[in-house]
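As structure tokens, the structure follows; a few thoughts come after it.
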Amino acid sequence: MMRWILVVWSMMVLFPCAAPAQTIDSETAETIRTLKQEVKELKARITALEARQGAPSPEKEQQPPQSKASEPAKPQETAAGGEAETLNPERVFGIFPGIKISGFGTVNYKATDARPPETGLIGFRNFANNGFAVGDVDLFLTSHLTSRAMALSEVVFSENAQQEFEVDVERLLLKYDFNDYLKLSFGRYHTGTSYYNSVFHHGQWLQTAADRPLVVEFSDHGGLLPSQSVGISVTGLVPAGRLGLNYIFEYGTSNTHRPNILDPNADEIAENNGQATTAGLFAKPDWLQGLEMGGSLYHDRINPNGGPFHIGQTIGSVHLVYLTPRFEFLNEAFLIRHHLQETAQVFNIPAFYSLISEKIGEKWRPYFRYQYVNSSSQSPVFPDINLRHGPSVDLRYDYNDYIAFKTQYDRTFRRQLSTINDLLLQLAFRF
Amino acid sequence: MTRYRHFLILPAAVSLLLLASIAFAGPEQEDVAVIVNPQNQVDSITSAELRKMFSGEKRSWNSSLPVFLVVRAPQAHERDVLLNRVLKMTESEYKQHWVKKVYSGEVPREPLTLFSNGMQLEAVRTEKGGIALIRLQDLRAGVKVIKVDGQTPGSSTYPLR
């Protein structure tokens, strides 16, 4: 009996002791791996520095640790002052110095019970009730020119209803940040008419849902807002303490084209926009990380298809967003006002969307969205929209940091037309 | 059997102590200092400002000096402190956050990620607007340690450890 008690006791003592020994081994292996990586990086760095300076640089002597860590350490060398001395790793190690390339892509499957089918958008064929499409292939390039200046380019290859690809320069910007209070951008930008348009752009991997709400969909995909302009954009912080107030001002030329989403045979509507001005304010208060609220006002004059009507277009929007890595709550409301110069008629088009989602574990993210758009059937700009509203119920699965799978069910109620049920499956990725 | 009882109490107590020490032993908590270039006039920073800087929201020290972020690669203690104490994000969420930031055009690139504290020190010495987190024991001359929420590394209420 005593012998068994001793055996059990020995196992209790020895087994837990063995476990840390294995942990130490794996930690040592990890340390060796990290050190090897560091040596590799340092060698590459020394080679690059020697190449840049034309001569090997002497290794700096290691100084003893400070006796009092709270006191500033004495300067060992004078810091470089010029922007040319930046340690930008892309310049040292990059294959294409100064340019960083990344991309986003999707593969989509859509099934709909719409009879007759609506216009095939984002690559889906016209008159088809189901099918696959690639959608947008998004190539994104940035170049850090100086510590304050950068160039940004977003080129999108969009699949159309004939399943051919069209190239579109979505964004091309030269940005210069004087400081947090004044940031300038020149070129082609996505307008600040909505929060969604300012944040999500074309990379569908970035957005939780499989598609954009109709009101903020890109205009060439049937959306209602002028999503692009060429001109100048100024943004920055307003000194307002913990309120975190920011401003945005844009002045540019839009050229909005949108398809008739009800009739695949109809020509696109060219709005022939004049100069557009956008002004907005939004707050990101310090006291609740992730909260953003604000609004913007956009104005331009349009002449749809060069027809008889000249229209003053004013778009007001407000948003309330709470965004953390695990929780997402997006709300935006719009009022699009069209004032016909010739007849003094006014068309008001209200719209909103709301999306809520929460991450479950590390991979799953269910979400719910409701959207609403209400346009008059007499509208010279949006004759196809009418009243459309409905929920979307969805589930996103993140396989890793690069690949996500989304499945989305939409139910859309339409005034004077039958209700539509859509199923959208999407494989979204970045590279 | 009674004479064995005392013999059993001692090993049982030793076993329990060993198990407890193994169960509760964690990595030693080390203070992580916030370092900047000596030419930077800033001597103190708040936790909120630190979060804004390392999340890319605050991008300049003052009207003329852009912030240059330097971070350690994954698995370093400084990286853990940055994610858990400053940003409150997982590694995956951190990567996604910076992809979104760069893609929105707000920042030209993600922070410079380095594999050693020696490289971090060199980067902060070279860049006027440089800022990094570094383990106290790896601190060397040529950089300036700034206070966080008025606390210096080593004090009992220092927030970064």
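Identifiers for the structure tokens are assigned positionally: chains receive A, B, ... in sequence, residues are indexed from 1 per chain, and ligands are indexed from 1 in the order shown.
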
Distance filter 8 Å, only C-alpha atoms, chain B against chain A, as JSON, numbers by chain: {"B": [11, 12, 15, 18, 19, 22, 37, 38, 39, 48, 58, 59, 60, 62, 63, 64, 65, 66, 89, 92, 93, 95, 96, 100, 103, 104, 105, 108, 109, 112, 115, 116, 123, 125, 126, 127, 128, 136, 137, 138, 139, 140, 141, 142, 143, 144, 145, 146, 147, 152, 153, 154]}

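Excluding A:Asn272 and any residue on its chain fewer than 6 positions from it, the residues at most 8 Å away by only C-alpha atoms are Ser254, Asn255, Thr256, Ile302, Asn303, Pro304, Asn305 and Gly306 of chain A.
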
Using only C-alpha atoms, what table do you get, as a Markdown table, when you list each residue of stretch 293-374 of chain A with an atom no more than 10 Å from stretch 405-413 of chain A, its nearest pair of atoms, and their distance in Å rounded to one decimal, rows by chain then rising number?
```
| residue | atom | partner | partner_atom | distance |
| --- | --- | --- | --- | --- |
| A:Trp364 | CA | A:Phe405 | CA | 9.8 |
| A:Arg365 | CA | A:Lys406 | CA | 9.3 |
| A:Pro366 | CA | A:Lys406 | CA | 9.5 |
| A:Tyr367 | CA | A:Gln408 | CA | 9.2 |
| A:Phe368 | CA | A:Gln408 | CA | 9.5 |
| A:Arg369 | CA | A:Asp410 | CA | 9.1 |
| A:Tyr370 | CA | A:Asp410 | CA | 9.3 |
| A:Gln371 | CA | A:Thr412 | CA | 9.0 |
| A:Tyr372 | CA | A:Thr412 | CA | 9.3 |
```

Could you write out the selected residues, including N, CA and C atoms, as a compact mmCIF listing (two decimals), in the first residue's frame?
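Output saved as result.txt:
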```
# COMPACT_ATOMS: atom_id res chain seq x y z
N TRP A 364 -15.63 34.15 -36.55
CA TRP A 364 -17.00 34.34 -37.04
C TRP A 364 -17.52 35.73 -36.73
N ARG A 365 -18.25 36.28 -37.66
CA ARG A 365 -18.86 37.59 -37.44
C ARG A 365 -20.23 37.63 -38.11
N PRO A 366 -21.31 37.38 -37.38
CA PRO A 366 -22.65 37.56 -37.94
C PRO A 366 -23.00 39.04 -37.99
N TYR A 367 -23.80 39.43 -38.92
CA TYR A 367 -24.19 40.83 -39.00
C TYR A 367 -25.60 40.98 -39.56
N PHE A 368 -26.20 42.11 -39.21
CA PHE A 368 -27.54 42.41 -39.66
C PHE A 368 -27.55 43.84 -40.20
N ARG A 369 -28.20 44.01 -41.33
CA ARG A 369 -28.24 45.34 -41.95
C ARG A 369 -29.66 45.64 -42.42
N TYR A 370 -30.05 46.88 -42.30
CA TYR A 370 -31.33 47.31 -42.87
C TYR A 370 -31.06 48.56 -43.69
N GLN A 371 -31.64 48.62 -44.86
CA GLN A 371 -31.43 49.80 -45.70
C GLN A 371 -32.75 50.29 -46.28
N TYR A 372 -32.76 51.57 -46.61
CA TYR A 372 -34.00 52.21 -47.06
C TYR A 372 -33.64 53.34 -48.02
```

From a DSSP pass on the backbone, collect the residues of chain B flagged as helix (DSSP H, G or I) and hand them back as a PyMOL selection string. chain B and resi 2-24+47-54+77-87+91-104+117-126+136-138

Residue nearest A:Gly312 - candidates A:Asn108, A:Ser392, A:Thr343, A:Thr119, atoms counted: only C-alpha atoms: A:Thr343
